[in-house]
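Participant: Below is one structure. I have some questions about it.
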Amino acid sequence: MEVNMYNWGWKIIIYLFLGGLGAGAYLTSFAAQKGWLGEKSNLGRVGFYLSGPFVLIGSVLLFLDLGIAFSDPFGVLRMFSNIQSVMTWGIYIISLFIIIGFASAYCTWKQRKLSSVLLSFGAILALATGTYTGVLLAVVISVPLWNTFLLPVLFVVSALSTGLAATSLCSYYWEKNIEQNETRVNKIHLVLLVLEVILISLLLAFTLSGAKGVAAVSSAQKIIMGPLAVPFWLLVVAIGLVFPLAYYIIKIKGQKKDYSQILYITSSELSVLLGGLALRAIIVFGAVRIY
């Protein structure tokens, strides 16, 4: 079965976003359960609730975009036997992760202790799911913007960032308590955003250098100064990176604001989520193919 990856649109973009977010949310609650986010972290539950549903919704969108969802629905099932295909690896990984995600959410809801084996296996699958969202594009040789190891790394970091943002935001309203180890969480936010800045810069610099050919240069120019420049600089850079970076730096330094705390918490986390979605849209729509 052949899939036309070059014509991917919003269904795939949303899948890439939700798949990464769900994986990052699971890893956030996993880290909180392990005590890595502080002894009083309130992030140890909500990430499990978010992981399964988000990845499932994204997977349905991926299935619908394949082009055979209705004409040949059993075609996807046949892919399970094609172990040489990257998409087949992804089907196994995502299917298992969705099961573990819902199982973890159920145990959390029932206030049952999650076994260390279940948690660890889920964390491995979450990391693999987040990585796969980037690998799915990176294996497309005809699109040099995608065909680099930097893309899966960037998508993993972005998955962790958006997953942490979504879990933090939902935990604020769900748990009704922000007295978690906030400084540590803000520092992790800050590190992830800085890594994103570095990886995006490297990806664009590498493609713009000409090392990957004329198509790569065209992709970089399309993003930086072409038709995608406004959404890139506004949504990805200004809103998705600069604003939350400034917020977390201020919070870490302990400077108080006169405005409502809930406004800043909500806007900073939402900006990270918007930036993560916009980043994937820019990467997909910025593709220039080698013919």
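Chain identifiers are assigned as A, B, and so on, following the order in which chains appear in the structure tokens; residues are numbered from 1 within each chain, and ligands are numbered from 1 in order of appearance.
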Just the residues within 6 Å of range 53-60 of chain A, please, counting only C-alpha atoms, with nothing from its chain fewer than 4 positions along; format it as a ChimeraX atom specification.
Facilitator: /A:15,18-19,22
Participant: Can you tell me which residues surround range 145-157 of chain A at a distance of at most 7 Å, considering only C-alpha atoms, apart from same-chain residues fewer than 5 positions away, and format the answer as a PyMOL selection string?
Facilitator: chain A and resi 130-131+133-135+137-140+192+196+199+203+207+216+219+287
Participant: Could the residues in this selection be written to a file with N, CA, C and O atoms, as a PDB file, in the first residue's frame?
Facilitator:
```pdb
ATOM      1  N   GLY A 130       6.070   9.423  20.698  1.00  0.00           N
ATOM      2  CA  GLY A 130       6.520  10.778  20.410  1.00  0.00           C
ATOM      3  C   GLY A 130       7.591  10.799  19.329  1.00  0.00           C
ATOM      4  O   GLY A 130       7.600  11.682  18.458  1.00  0.00           O
ATOM      5  N   THR A 131       8.496   9.829  19.381  1.00  0.00           N
ATOM      6  CA  THR A 131       9.558   9.732  18.377  1.00  0.00           C
ATOM      7  C   THR A 131       8.989   9.385  17.009  1.00  0.00           C
ATOM      8  O   THR A 131       9.405   9.937  15.983  1.00  0.00           O
ATOM      9  N   THR A 133       6.179  10.111  15.652  1.00  0.00           N
ATOM     10  CA  THR A 133       5.546  11.215  14.944  1.00  0.00           C
ATOM     11  C   THR A 133       6.556  11.977  14.084  1.00  0.00           C
ATOM     12  O   THR A 133       6.194  12.540  13.048  1.00  0.00           O
ATOM     13  N   GLY A 134       7.823  11.993  14.529  1.00  0.00           N
ATOM     14  CA  GLY A 134       8.866  12.625  13.726  1.00  0.00           C
ATOM     15  C   GLY A 134       9.462  11.690  12.701  1.00  0.00           C
ATOM     16  O   GLY A 134       9.761  12.088  11.567  1.00  0.00           O
ATOM     17  N   VAL A 135       9.616  10.419  13.073  1.00  0.00           N
ATOM     18  CA  VAL A 135      10.180   9.419  12.160  1.00  0.00           C
ATOM     19  C   VAL A 135       9.292   9.242  10.937  1.00  0.00           C
ATOM     20  O   VAL A 135       9.771   9.028   9.821  1.00  0.00           O
ATOM     21  N   LEU A 137       7.784  11.335   9.255  1.00  0.00           N
ATOM     22  CA  LEU A 137       8.163  12.315   8.235  1.00  0.00           C
ATOM     23  C   LEU A 137       9.616  12.149   7.810  1.00  0.00           C
ATOM     24  O   LEU A 137       9.952  12.321   6.634  1.00  0.00           O
ATOM     25  N   ALA A 138      10.479  11.819   8.762  1.00  0.00           N
ATOM     26  CA  ALA A 138      11.920  11.774   8.486  1.00  0.00           C
ATOM     27  C   ALA A 138      12.304  10.712   7.470  1.00  0.00           C
ATOM     28  O   ALA A 138      13.346  10.826   6.826  1.00  0.00           O
ATOM     29  N   VAL A 139      11.486   9.669   7.314  1.00  0.00           N
ATOM     30  CA  VAL A 139      11.814   8.596   6.370  1.00  0.00           C
ATOM     31  C   VAL A 139      11.442   8.953   4.933  1.00  0.00           C
ATOM     32  O   VAL A 139      11.758   8.192   4.015  1.00  0.00           O
ATOM     33  N   VAL A 140      10.784  10.093   4.741  1.00  0.00           N
ATOM     34  CA  VAL A 140      10.397  10.508   3.382  1.00  0.00           C
ATOM     35  C   VAL A 140      11.605  11.154   2.709  1.00  0.00           C
ATOM     36  O   VAL A 140      11.887  12.338   2.903  1.00  0.00           O
ATOM     37  N   LEU A 192      13.059  22.774  28.047  1.00  0.00           N
ATOM     38  CA  LEU A 192      12.449  22.211  26.843  1.00  0.00           C
ATOM     39  C   LEU A 192      12.274  23.266  25.762  1.00  0.00           C
ATOM     40  O   LEU A 192      12.533  23.006  24.578  1.00  0.00           O
ATOM     41  N   GLU A 196      13.998  23.484  22.074  1.00  0.00           N
ATOM     42  CA  GLU A 196      13.219  23.679  20.847  1.00  0.00           C
ATOM     43  C   GLU A 196      13.815  24.787  19.989  1.00  0.00           C
ATOM     44  O   GLU A 196      13.922  24.651  18.766  1.00  0.00           O
ATOM     45  N   LEU A 199      16.972  23.417  18.359  1.00  0.00           N
ATOM     46  CA  LEU A 199      16.706  22.410  17.333  1.00  0.00           C
ATOM     47  C   LEU A 199      16.057  23.021  16.091  1.00  0.00           C
ATOM     48  O   LEU A 199      16.406  22.659  14.959  1.00  0.00           O
ATOM     49  N   LEU A 203      17.778  22.970  12.461  1.00  0.00           N
ATOM     50  CA  LEU A 203      17.060  22.390  11.322  1.00  0.00           C
ATOM     51  C   LEU A 203      16.994  23.368  10.166  1.00  0.00           C
ATOM     52  O   LEU A 203      17.293  23.015   9.011  1.00  0.00           O
ATOM     53  N   THR A 207      19.084  23.122   6.541  1.00  0.00           N
ATOM     54  CA  THR A 207      18.399  23.086   5.246  1.00  0.00           C
ATOM     55  C   THR A 207      18.743  24.305   4.400  1.00  0.00           C
ATOM     56  O   THR A 207      18.852  24.218   3.176  1.00  0.00           O
ATOM     57  N   ALA A 216      15.738  21.696  -0.221  1.00  0.00           N
ATOM     58  CA  ALA A 216      15.856  22.021   1.204  1.00  0.00           C
ATOM     59  C   ALA A 216      15.954  23.527   1.403  1.00  0.00           C
ATOM     60  O   ALA A 216      15.325  24.087   2.311  1.00  0.00           O
ATOM     61  N   SER A 219      12.613  25.049   0.992  1.00  0.00           N
ATOM     62  CA  SER A 219      11.766  24.833   2.165  1.00  0.00           C
ATOM     63  C   SER A 219      12.082  25.848   3.257  1.00  0.00           C
ATOM     64  O   SER A 219      11.175  26.445   3.850  1.00  0.00           O
ATOM     65  N   ALA A 287       7.128  21.663   3.221  1.00  0.00           N
ATOM     66  CA  ALA A 287       7.804  20.630   2.424  1.00  0.00           C
ATOM     67  C   ALA A 287       7.910  21.037   0.951  1.00  0.00           C
ATOM     68  O   ALA A 287       6.949  21.448   0.336  1.00  0.00           O
TER      69      ALA A 287
END
```
Participant: According to DSSP computed on the backbone, where in range 251-286 of chain A is there alpha helix (DSSP H)? Give the residues as a list in words.
Facilitator: Lys251, Ile252, Lys253, Gln261, Ile262, Leu263, Tyr264, Ile265, Thr266, Ser267, Ser268, Glu269, Leu270, Ser271, Val272, Leu273, Leu274, Gly275, Gly276, Leu277, Ala278, Leu279, Arg280, Ala281, Ile282, Ile283, Val284 and Phe285 of chain A
Participant: Env of range 104-114 of chain A: 10 Å cut, atoms = only C-alpha atoms, seq-sep filter 5 positions within chain, self excluded. Answer as a short mmCIF file (atom, residue, chain, number, x, y, z; two decimals) with N, CA, C and O atoms, in the first residue's frame.
Facilitator:
```cif
data_model
loop_
_atom_site.label_atom_id
_atom_site.label_comp_id
_atom_site.auth_asym_id
_atom_site.auth_seq_id
_atom_site.Cartn_x
_atom_site.Cartn_y
_atom_site.Cartn_z
N TYR A 26 1.62 11.62 29.16
CA TYR A 26 1.88 10.38 29.92
C TYR A 26 3.23 10.47 30.63
O TYR A 26 3.35 10.13 31.81
N GLN A 33 4.91 10.75 39.14
CA GLN A 33 4.75 9.56 39.98
C GLN A 33 6.09 9.10 40.54
O GLN A 33 6.17 8.59 41.66
N GLY A 44 0.64 14.07 38.77
CA GLY A 44 0.76 12.62 38.69
C GLY A 44 -0.46 11.88 38.21
O GLY A 44 -0.43 10.65 38.10
N ARG A 45 -1.56 12.58 37.89
CA ARG A 45 -2.77 11.88 37.48
C ARG A 45 -3.30 12.31 36.11
O ARG A 45 -3.61 11.47 35.28
N VAL A 46 -3.37 13.60 35.89
CA VAL A 46 -4.06 14.12 34.71
C VAL A 46 -3.41 13.64 33.40
O VAL A 46 -4.11 13.38 32.41
N GLY A 47 -2.09 13.52 33.37
CA GLY A 47 -1.41 13.08 32.16
C GLY A 47 -1.88 11.72 31.69
O GLY A 47 -1.96 11.46 30.48
N PHE A 48 -2.21 10.84 32.62
CA PHE A 48 -2.73 9.52 32.26
C PHE A 48 -4.12 9.63 31.64
O PHE A 48 -4.45 8.87 30.73
N TYR A 49 -4.93 10.57 32.13
CA TYR A 49 -6.26 10.76 31.56
C TYR A 49 -6.18 11.31 30.13
O TYR A 49 -7.03 11.00 29.29
N LEU A 50 -5.19 12.14 29.85
CA LEU A 50 -5.08 12.78 28.55
C LEU A 50 -4.46 11.87 27.48
O LEU A 50 -4.81 11.98 26.30
N SER A 51 -3.55 11.00 27.89
CA SER A 51 -2.71 10.28 26.93
C SER A 51 -3.50 9.40 25.96
O SER A 51 -3.40 9.58 24.73
N GLY A 52 -4.29 8.47 26.48
CA GLY A 52 -5.02 7.54 25.61
C GLY A 52 -5.98 8.22 24.66
O GLY A 52 -5.93 7.99 23.44
N PRO A 53 -6.89 9.08 25.16
CA PRO A 53 -7.86 9.74 24.27
C PRO A 53 -7.21 10.59 23.17
O PRO A 53 -7.63 10.54 22.01
N ILE A 98 -1.97 3.14 23.31
CA ILE A 98 -3.37 3.51 23.60
C ILE A 98 -3.94 2.59 24.67
O ILE A 98 -4.62 3.04 25.61
N ILE A 99 -3.66 1.30 24.56
CA ILE A 99 -4.15 0.33 25.55
C ILE A 99 -3.56 0.64 26.93
O ILE A 99 -4.29 0.70 27.93
N LEU A 119 3.87 1.24 34.49
CA LEU A 119 4.34 2.61 34.33
C LEU A 119 5.55 2.68 33.40
O LEU A 119 5.61 3.52 32.50
N GLY A 122 4.65 1.78 29.81
CA GLY A 122 3.92 2.91 29.23
C GLY A 122 4.85 4.06 28.88
O GLY A 122 4.68 4.71 27.84
#
```
Participant: For Ala159 in chain A, find every residue with an atom within 6 Å (counting only C-alpha atoms), except residues of its own chain fewer than 4 positions away, and show them as JSON, numbers by chain.
Facilitator: {"A": [20, 21, 24, 155, 163]}
Participant: Could those selected residues go to a file with C-alpha atoms, as a PDB file, in the first residue's frame?
Facilitator:
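In the end it all went to result.pdb:
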```pdb
ATOM      1  CA  GLY A  20       3.073  13.961  20.632  1.00  0.00           C
ATOM      2  CA  LEU A  21       0.915  15.716  23.218  1.00  0.00           C
ATOM      3  CA  GLY A  24       4.265  13.926  26.540  1.00  0.00           C
ATOM      4  CA  PHE A 155       9.245  16.386  17.737  1.00  0.00           C
ATOM      5  CA  GLY A 163       2.471  17.320  27.106  1.00  0.00           C
TER       6      GLY A 163
END
```
Participant: Using only C-alpha atoms, tabulate the residues of range 154-228 of chain A lying at most 7 Å from any atom of range 267-282 of chain A, each with its closest atom pair and that distance in Å to one decimal, by chain and increasing residue number, as a tab-separated table.
Facilitator:
```
residue	atom	partner	partner_atom	distance
A:Ser158	CA	A:Gly276	CA	6.4
A:Thr162	CA	A:Leu273	CA	5.4
A:Ala165	CA	A:Glu269	CA	4.9
A:Ala166	CA	A:Glu269	CA	6.8
A:Leu169	CA	A:Glu269	CA	6.3
A:Leu228	CA	A:Ile282	CA	6.9
```
Participant: May I ask which of the residues A:Val236, A:Ile188, A:Ala25, A:Val143 is the closest one to Ile290 in chain A, counting only C-alpha atoms?
Facilitator: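 The shortest atom-to-atom distance to Ile290 in chain A comes from A:Val143.
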Participant: Could you tell me how far CA of Phe63 in chain A sits from CA of Leu96 in chain A, in Å to one decimal place?
Facilitator: 16.2 Å
Participant: In Å to one decimal, how far is CA of Ile265 in chain A from CA of Tyr247 in chain A?
Facilitator: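 Answer for the CA of Tyr247 in chain A to CA of Ile265 in chain A separation: 8.9 Å.
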Participant: Here is a test: counting only C-alpha atoms, which residue of A:Leu245, A:Val230, A:Ile224, A:Ile94 is nearest to Val194 in chain A?
Facilitator: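 Checking each candidate against Val194 in chain A, we get A:Leu245 as the closest.
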Participant: If we count only C-alpha atoms and set the cut-off at 10 Å, which residues sit around Trp233 in chain A, ignoring sequence neighbours fewer than 6 positions away in its own chain? Please answer as JSON, numbers by chain.
Facilitator: {"A": [223, 224, 225, 239, 240, 241]}
Participant: Could you please determine the separation between CA of Ser201 in chain A and CA of Leu127 in chain A in Å, to one decimal place?
Facilitator: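 That distance, rounded to one decimal, is 23.0 Å.
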Participant: Which of these residues is nearest to Ala238 in chain A, using only C-alpha atoms: A:Val197, A:Tyr172, A:Phe121, A:Leu37?
Facilitator: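 Under the stated criterion, the closest residue is A:Val197.
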